[in-house]
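Below is one structure, written out as structure tokens; comments come after it.
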Amino acid sequence: MSQHLCEIGYLSRSDGSSLYCIGGTVVLASVNGPGDVKASNRHYNRTQLDVCYSPSTGQSMIGERALESVISKTIEQAIIVHLHPRTAINVTLQEMQSDGLALSTSINAACLALLDAGVQMKSTFSAVTCCIASSGAIILEPTEAEIKESSAVVTFVFDGLEYNVLSAYQDGSLDSDTFNLCLIKCQLAAKDITAIFRKTIEDKHKFDKS
Amino acid sequence: MDSDITESLYIVLPGDQVLRFNPEENRDRIFIGPGLRWQDNVVRATKPGMLKKNGKNLYFVDTHQKRYIPQKREFVIGIVLKKKGDNYVIDIGGSEYATISYLSFENASKKTRKEMKPGDLIYGQLLVANKDMEPELVCIDVYNRAVGMGTLPGDGIMFTIPLHIARMVVDPQNPFLLMMGKQINYTVVVGFNGRVWIKARTQREKVAIMNAFTMLELMPLEEAVDSIPMFFSGFSVHLREDM
């Protein structure tokens with residue numbers, strides 16, 4: 001597993017922010033909300049969730065929009081959307097450094113930023129990517145070069161309670177046995193990520209009287 | 001246990017199980033405060049923060065947050081945006097603007113109405129704060145007295161602090177504001193929406209107070225309170241140099 005590093009409260013002016021790094025991929029996430037929203041995006045019974053992802057190089061294209069929709073569908077499952085009707089929560093993700101793990105790093109950064117902002121959620125969520133090397137071995141959190149050589153890449157997002165799958169995103173083909181093997185491996189790694197989240201939040205509250 | 005004492009238990013993350021509670025089995029009642037939800041006989045946290053409990057079996061999560069979510073009866077500092085019919089539209093930092101009727105000020109009548117212009121600051125209390133309704137402010141209590149509420153004079157300065165710092169300094173047991181009062185003369189108004197309005201003799205003193213508030217974000221309360229005398233003494237040296 002690659003090294004995970006994170007920092008919260010990285011931006012002073014947003015309601016919640018985080019910098020998350022897995023190996024060579026670094027994503028900066030910022031959360032604003034629940035705030036005002038224009039009438040067309042206003043729902044009478046729930047919060048509108050807007051996710052905006054920008055890559056480290058080049059313009060945001062169709063691939064980034066696909067990524068945004070995966071991230072947005074995942075976050076929507078975790079946050080409690082009906083508590084603040086007629087509002088919007090904006091999640092802005094900026095990839096700072098790219099090394100193939102944009103999706104999982106973005107999701108982890110988003111979760112940490114949401115925790116920093118104090119948005120009410122059902123549970124935390126954590127994402128892990130793995131790829132199947134040409135030899136058939138499963139590589140957890142590969143580098144961009146390893147992904148290029150691989151036959152398939154799978155990203156799982158788990159909740160922080162029972163580690164059930166919130167979303168799974170796959171590129172390439174693999175059989176069901178390998179898929180399940182990947183799932184179990186990623187599930188184990190997700191527990192470590194939740195532990196990182198907990199440590200970060202405990203650190204944020206270190207001045208609270210205990 | 002003393003019912004006034006609030007004890008901090010531990011840090012929770014959203015989804016953490018706080019306790020099991022089945023109202024059919026448990027005879028004694030518990031109260032669930034902000035940041036907690038009861039579902040399927042389990043109380044779970046929904047916000048990250050310090051889980052706290054007071055003697056009356058009230059559980060809540062104290063989170064560090066910057067965005068204000070209006071709550072009924074809370075005192076807030078608002079910025080007047082415009083006049084809309086018989087109401088003023090006020091920005092209180094929530095997702096929606098609040099309104100205040102020109103009659104909900106002390107000694108206001110239809111003839112002697114309260115005049116405010118955009119940009120004025122007011123200190124009021126939330127009469128209505130509901131997720132489905134527009135928040136409404138008042139500047140009088142149930143006996144029609146102002147009790148310190150109303151428009152804030154123009155010679156002060158307003159700045160924002162995180163909400164947990166605002167909640168912390170308004171605690172009557174908190175020595176922070178009193179300790180600063182021993183150093184310099186100042187007037188302070190703290191809103192639960194994280195806005196603080198201060199008035200002091202000079203611009204320099206205002207800046208010093210603002211900096212003293214940021215100390216609370218970076219160090220434990222005791223340390224901040226202890227360093228206030230040093231902080232302000234160093235500051236008055238500069239003042240003399242200027243003269």
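FYI, nothing fancy with the structure tokens labels: chains A, B, ... in order, residues from 1 per chain, ligands from 1 as they appear.
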Show me a table, sorted first by chain and then by increasing residue number, of the residues of chain B having an atom at most 8 Å from chain A, each with its shortest atom pair and the distance in Å to one decimal, counting only C-alpha atoms and written as a tab-separated table.
residue	atom	partner	partner_atom	distance
B:Glu7	CA	A:Ser210	CA	7.8
B:Ser8	CA	A:Ser210	CA	5.3
B:Leu9	CA	A:Ser210	CA	6.7
B:Tyr10	CA	A:Ser210	CA	7.2
B:Ile11	CA	A:Glu202	CA	6.3
B:Leu13	CA	A:Arg198	CA	6.9
B:Pro14	CA	A:Ser123	CA	4.7
B:Gly15	CA	A:Ser123	CA	4.1
B:Asp16	CA	A:Leu161	CA	7.3
B:Gly35	CA	A:Gln120	CA	7.2
B:Ala45	CA	A:Lys122	CA	7.9
B:Thr46	CA	A:Gln120	CA	4.9
B:Lys47	CA	A:Gln120	CA	5.1
B:Pro48	CA	A:Leu115	CA	6.1
B:Gly49	CA	A:His205	CA	7.0
B:Met50	CA	A:His205	CA	7.3
B:Thr63	CA	A:Gly118	CA	6.6
B:His64	CA	A:Gly118	CA	6.9
B:Gln65	CA	A:Gly118	CA	5.6
B:Lys66	CA	A:Asp15	CA	5.3
B:Arg67	CA	A:Asp15	CA	5.9
B:Gly94	CA	A:Gly35	CA	6.8
B:Ser95	CA	A:Gly35	CA	4.1
B:Glu96	CA	A:Asp36	CA	6.2
B:Lys131	CA	A:His84	CA	6.0
B:Asp132	CA	A:Pro85	CA	6.9
B:Met219	CA	A:Phe207	CA	6.6
B:Pro220	CA	A:Phe207	CA	4.8
B:Leu221	CA	A:Phe207	CA	7.6
Legend entry - All strand (DSSP E) residues (DSSP, backbone) inside chain A, as a ChimeraX atom specification: /A:4-8,16-22,25-35,48-54,88-97,125-132,138-140,152-159,165-172
Legend entry - Neighbour list for Val76 in chain B as JSON, numbers by chain, cut-off 6 Å, only C-alpha atoms, skip fewer than 3 positions in-chain: {"B": [123, 124, 191, 192, 193]}
Legend entry - Pairwise distance for CA of Ile77 in chain B and CA of Ile184 in chain B, rounded to one decimal in Å: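 Taking CA of Ile77 in chain B and CA of Ile184 in chain B, their separation equals 23.2 Å.
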Inset, instruction - Measure the distance from CA of Ser72 in chain A to CA of Val43 in chain B in Å and round it to one decimal. - result: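 For CA of Ser72 in chain A relative to CA of Val43 in chain B, the distance reads 26.9 Å.
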Legend entry - Contacts of Glu68 in chain A at 12 Å (only C-alpha atoms; same-chain gap of 3+ positions) as a list in words: Leu49, Asp50, Val51, Cys52, Tyr53, Ser54, Pro55, Ser60, Met61, Ile62, Gly63, Glu64, Arg65, Ile71, Ser72, Lys73, Thr74, Ile75, Glu76, Val91, Thr92, Leu93, Gln94, Ala102, Leu103, Ser104, Ser106, Ile107 and Ala110 of chain A
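CA of Val170 in chain B to CA of Val190 in chain B spans 7.1 Å [interatomic distance, one decimal].
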Inset, instruction - Report as a PyMOL selection string: the residues of range 142-186 of chain A with a DSSP assignment of helix (DSSP H, G or I), based on the backbone of this structure. - result: chain A and resi 144-149+176-186
Legend entry - All residues 12 Å or closer to range 21-27 of chain A, only C-alpha atoms, same chain fewer than 6 positions away omitted, as an MDAnalysis selection string: chainID A and resid 1:8 10 53:56 92:113 127:129 140:145 193 196
